[in-house]
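Below: one structure, written as structure tokens.
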Amino acid sequence: QVQLVESGGGLVQAGGSLRLSCAPSRIILGINSMGWYRQAPGNERELVASITSNGYTNYADSVKGRFTISRDNAKNTVDLQMNSLKPEDTGVYYCNFRTTIRTNYWGQGTQVTVSS
């Protein structure tokens, strides 16, 4: 059973930065898109950013200009650089891999807390 392992979450003051990383427990073949989602208490899980195998990126409007997603296809890893963090960025961040045959893999989540 493949697992996605996230790291890099934590507590930071507003205006600060964090970098999230995600790697699988073993290599996954045929990954199409990699992405980060987040879920705040009482809210549904929402897409934060995604990146396809050819480098096309998509960002939620609320994070454009502040967050940057990147991936290493050889290592099967994806990172999320988060700058100028705001209290509303607080939540559990989940890594997601989607393959060309539409299999979804999820991480267990990492907590990001931004204090005002």
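Going through the structure tokens in order, the chains are called A, B, and so on, while each chain numbers its residues from 1 and the ligands are numbered from 1 in the order shown.
Contact shell of Thr90 of chain A at 10 Å (only C-alpha atoms; same-chain neighbours under 6 positions omitted): A:Gly10, A:Leu11, A:Val12, A:Arg38, A:Gln39, A:Ala40, A:Pro41, A:Gln111, A:Val112, A:Thr113, A:Val114, A:Ser115.
Summary of the local environment: counting only C-alpha atoms, residues at most 8 Å from segment 82-89 of chain A, other than itself and those fewer than 4 positions away along its chain, are Gln13, Ala14, Gly15, Gly16, Ser17, Leu18, Arg19, Leu20, Arg66, Phe67, Thr68, Val112, Thr113, Val114, Ser115 and Ser116 of chain A.
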Using DSSP assignments from the backbone, pull out every residue in chain A that falls under helix (DSSP H, G or I) and give it to me as a PDB file with N, CA, C and O atoms, in the first residue's frame.
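As a result, out-v5.pdb now contains:
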ATOM      1  N   ASP A  61      -7.589  31.235  -5.997  1.00  0.00           N
ATOM      2  CA  ASP A  61      -7.445  32.687  -6.055  1.00  0.00           C
ATOM      3  C   ASP A  61      -6.858  33.257  -4.763  1.00  0.00           C
ATOM      4  O   ASP A  61      -6.096  34.222  -4.793  1.00  0.00           O
ATOM      5  N   SER A  62      -7.204  32.652  -3.652  1.00  0.00           N
ATOM      6  CA  SER A  62      -6.788  33.183  -2.351  1.00  0.00           C
ATOM      7  C   SER A  62      -5.287  33.058  -2.092  1.00  0.00           C
ATOM      8  O   SER A  62      -4.763  33.719  -1.188  1.00  0.00           O
ATOM      9  N   VAL A  63      -4.594  32.226  -2.869  1.00  0.00           N
ATOM     10  CA  VAL A  63      -3.159  32.026  -2.625  1.00  0.00           C
ATOM     11  C   VAL A  63      -2.279  32.497  -3.780  1.00  0.00           C
ATOM     12  O   VAL A  63      -1.057  32.448  -3.673  1.00  0.00           O
ATOM     13  N   PRO A  87      -3.782  34.288   8.664  1.00  0.00           N
ATOM     14  CA  PRO A  87      -4.522  33.399   9.573  1.00  0.00           C
ATOM     15  C   PRO A  87      -5.544  32.526   8.839  1.00  0.00           C
ATOM     16  O   PRO A  87      -5.762  31.381   9.238  1.00  0.00           O
ATOM     17  N   GLU A  88      -6.111  33.029   7.760  1.00  0.00           N
ATOM     18  CA  GLU A  88      -7.087  32.235   7.012  1.00  0.00           C
ATOM     19  C   GLU A  88      -6.446  31.106   6.216  1.00  0.00           C
ATOM     20  O   GLU A  88      -7.162  30.285   5.627  1.00  0.00           O
ATOM     21  N   ASP A  89      -5.133  31.020   6.197  1.00  0.00           N
ATOM     22  CA  ASP A  89      -4.449  29.878   5.576  1.00  0.00           C
ATOM     23  C   ASP A  89      -4.377  28.684   6.533  1.00  0.00           C
ATOM     24  O   ASP A  89      -3.930  27.603   6.150  1.00  0.00           O
TER      25      ASP A  89
END
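Between Glu6 of chain A and the candidates A:Cys22, A:Ala49, A:Tyr56, A:Thr77, the tightest atom-to-atom separation, counting only C-alpha atoms, involves A:Cys22.
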